[in-house]
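Participant: Starting off with a structure, shown below.
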Amino acid sequence: MEPTQNHFSLTTQLAKWQQTMAHGSLTSDDLTELTDHLTEEISSLQKAGLNDEEAWMVARQRIGQPVVIEAEFRKVNPDHLANRNLVMMFWGAIFFMTLQIVCFALPSIINSFFRPLDSRGFPSNLLSATDVRNMLYAEIAIIAVFVLAVVFKGNRIVAWFSEMIEKYYFVCCLLLLVASPFLISFNDMMVLNHLIHGMRSVYSPEIQTAGGVLSFVIYIPLIAFTVFYTLRYRSQDIRNIASFAGSINWQASLMLGILFKLVSLSTYSFFPVSILNTILPTIIFFFAGWLMGRSKRPWVNTLILHSPSLVLLPLALLPNSVGFGDMFNFLCKFVLPSAIGCTSSILLYRKTQLA
């Protein structure tokens with residue numbers, strides 16, 4: 001019986017080489033350029049009469065060993081590997097927030113449609129044994145689907161997500177900012193329920209404020225860091241806040257506007273009777289003005305920064321019962337603090353530059 005010979009596959013070897021190099025300090029653009037150079041070298045060797053295996057060995061030797069290439073690119077991209085780990089860590093936290101909603105909040109919301117109504121016409125807060133059992137079954141089914149997906153399709157899911165971050169990072173960040181109010185609201189709801197049951201008390205403004213502070217301190221910085229490190233991962237010029245400010249364009253201005261407006265809405269929702277909902281947006285947009293003032297087109301970027309406020313402006317025309325009514329209140333709480341803080345910061349920065 002003749003021994004089975006292993007046939008050399010150039011495509012397989014090239015894919016393995018790309019996978020090895022992708023885990024180092026090479027960016028996606030660096031890897032694409034290096035791969036093109038390697039394939040061109042292989043093609044020229046094949047035209048010279050070498051077979052696939054010989055051409056692969058010679059071309060790889062000419063282009064350099066992966067260890068040597070990694071050492072050279074680590075000098076050019078010293079923060080790339082650490083930044084990629086940070087991106088995955090922060091997006092993992094966002095995914096965990098989403099998973100909490102899917103596993104715990106969603107079954108409760110679905111189950112609320114089948115509860116009997118109380119005297120006010122709302123679903124009763126009292127859960128029967130059947131309600132609890134149905135919620136547990138739903139949570140078990142969701143977790144089982146998640147575990148099976150990780151076990152059988154985990155590598156493919158990670159590869160797909162990495163490709164999405166590489167190619168469509170702006171869309172991913174924008175979707176995160178748009179979805180962040182829902183993520184924060186549902187997670188905040190679970191925190192409030194925990195506080196209520198933990199203290200064996202009823203819902204009160206004090207508990208709302210406590211849950212609001214937790215959401216403000218934890219979730220909003222988490223979303224902000226996720227967006228920042230994703231942008232930093234795709235642009236090696238962004239090493240710190242100052243360099244980020246210098247590279248701000250209309251896309252970054254739009255995302256910053258949504259993020260800072262989310263913070264303003266959060267302060268208004270969590271601290272409805274506090275002066276904090278006026279002071280904090282002013283301070284936040286003063287920092288935004290500091291960023292815009294260092295960009296290449298400060299006034300255009302500032303206008304785009306305030307575009308979310310202009311989009312929300314029609315909400316002020318709604319009746320007060322909806323929760324966003326009262327034009328004067330809307331202007332005082334949302335528009336004026338952001339405009340004053342941002343404009344004063346830009347003017348102050350420009351004045352110091354001229355001096």
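Ligands are numbered from 1 in the order shown, residues from 1 within each chain, and chains are lettered A, B, ... in the order they appear in the structure tokens.
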If we count only C-alpha atoms, what is near segment 253-257 of chain A at a cut-off of 9 Å, once residues fewer than 3 positions away on the same chain are taken out, given as a ChimeraX atom specification?
Facilitator: /A:170,173-174,177,224,227,248-250,260-262,288,292,301-309
Participant: Mind pulling up the distance from atom CA of His37 of chain A to atom CA of Gln19 of chain A?
Facilitator: 16.3 Å
Participant: Contacts of Ser180 of chain A at 10 Å or less, counting only C-alpha atoms, minus same-chain residues fewer than 2 places along, as a PyMOL selection string?
Facilitator: chain A and resi 94+174-178+182-186+219-220+223+258-259+262
Participant: Pull C-alpha atoms from the residues just selected and write them as a PDB file, in the first residue's frame.
Facilitator:
```pdb
ATOM      1  CA  ILE A  94     -21.414  46.217  25.184  1.00  0.00           C
ATOM      2  CA  LEU A 174     -23.107  55.240  14.944  1.00  0.00           C
ATOM      3  CA  LEU A 175     -25.455  52.299  15.571  1.00  0.00           C
ATOM      4  CA  LEU A 176     -24.050  51.940  19.079  1.00  0.00           C
ATOM      5  CA  LEU A 177     -24.697  55.612  19.835  1.00  0.00           C
ATOM      6  CA  VAL A 178     -28.229  55.441  18.423  1.00  0.00           C
ATOM      7  CA  PHE A 182     -32.237  51.700  24.829  1.00  0.00           C
ATOM      8  CA  LEU A 183     -29.271  49.771  26.236  1.00  0.00           C
ATOM      9  CA  ILE A 184     -28.946  52.179  29.147  1.00  0.00           C
ATOM     10  CA  SER A 185     -32.700  52.298  29.817  1.00  0.00           C
ATOM     11  CA  PHE A 186     -33.154  48.535  29.984  1.00  0.00           C
ATOM     12  CA  TYR A 219     -22.761  53.066  31.029  1.00  0.00           C
ATOM     13  CA  ILE A 220     -22.066  56.414  29.367  1.00  0.00           C
ATOM     14  CA  ILE A 223     -20.045  53.713  25.420  1.00  0.00           C
ATOM     15  CA  ILE A 258     -25.016  62.178  19.609  1.00  0.00           C
ATOM     16  CA  LEU A 259     -22.880  61.071  22.561  1.00  0.00           C
ATOM     17  CA  LEU A 262     -27.164  61.523  25.185  1.00  0.00           C
TER      18      LEU A 262
END
```
Participant: Which residues, written as an MDAnalysis selection string, have at least one atom at most 9 Å from Ile63 of chain A, with only C-alpha atoms counted and residues fewer than 6 positions away on the same chain left out?
Facilitator: chainID A and resid 34 37:38 41 69
Participant: Separation of atom CA of Ala141 of chain A and atom CA of Phe96 of chain A, in Å?
Facilitator: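 If I compute the distance from atom CA of Ala141 of chain A to atom CA of Phe96 of chain A, I get 17.1 Å.
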Participant: Could you name the residues that touch Leu86 of chain A at 8 Å or less, counting only C-alpha atoms, but leaving out those on the same chain fewer than 4 positions away, as number ranges by chain?
Facilitator: A: 82, 90, 229
Participant: Residues of the last selection are to be written out with C-alpha atoms, as a PDB file, in the first residue's frame.
Facilitator:
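File produced: part.pdb:
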```
ATOM      1  CA  ALA A  82      -3.000  46.852  22.787  1.00  0.00           C
ATOM      2  CA  PHE A  90     -15.118  47.307  25.348  1.00  0.00           C
ATOM      3  CA  TYR A 229     -10.973  53.182  20.947  1.00  0.00           C
TER       4      TYR A 229
END
```
Participant: Using atom CA of Thr11 of chain A and atom CA of Ala55 of chain A as the two end points, give the distance in Å to one decimal.
Facilitator: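 Straight-line distance from atom CA of Thr11 of chain A to atom CA of Ala55 of chain A works out to 12.5 Å.
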Participant: If you count only C-alpha atoms, which residues fall within 7 Å of His80 of chain A, apart from same-chain ones fewer than 3 positions away, as a PyMOL selection string?
Facilitator: chain A and resi 25+77+83-84+233
Participant: So, counting only C-alpha atoms, which residue among A:Ser264, A:Asn187, A:Ser243, A:Gln13 is closest to Gln100 of chain A?
Facilitator: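 For Gln100 of chain A, the nearest of the candidates is A:Asn187.
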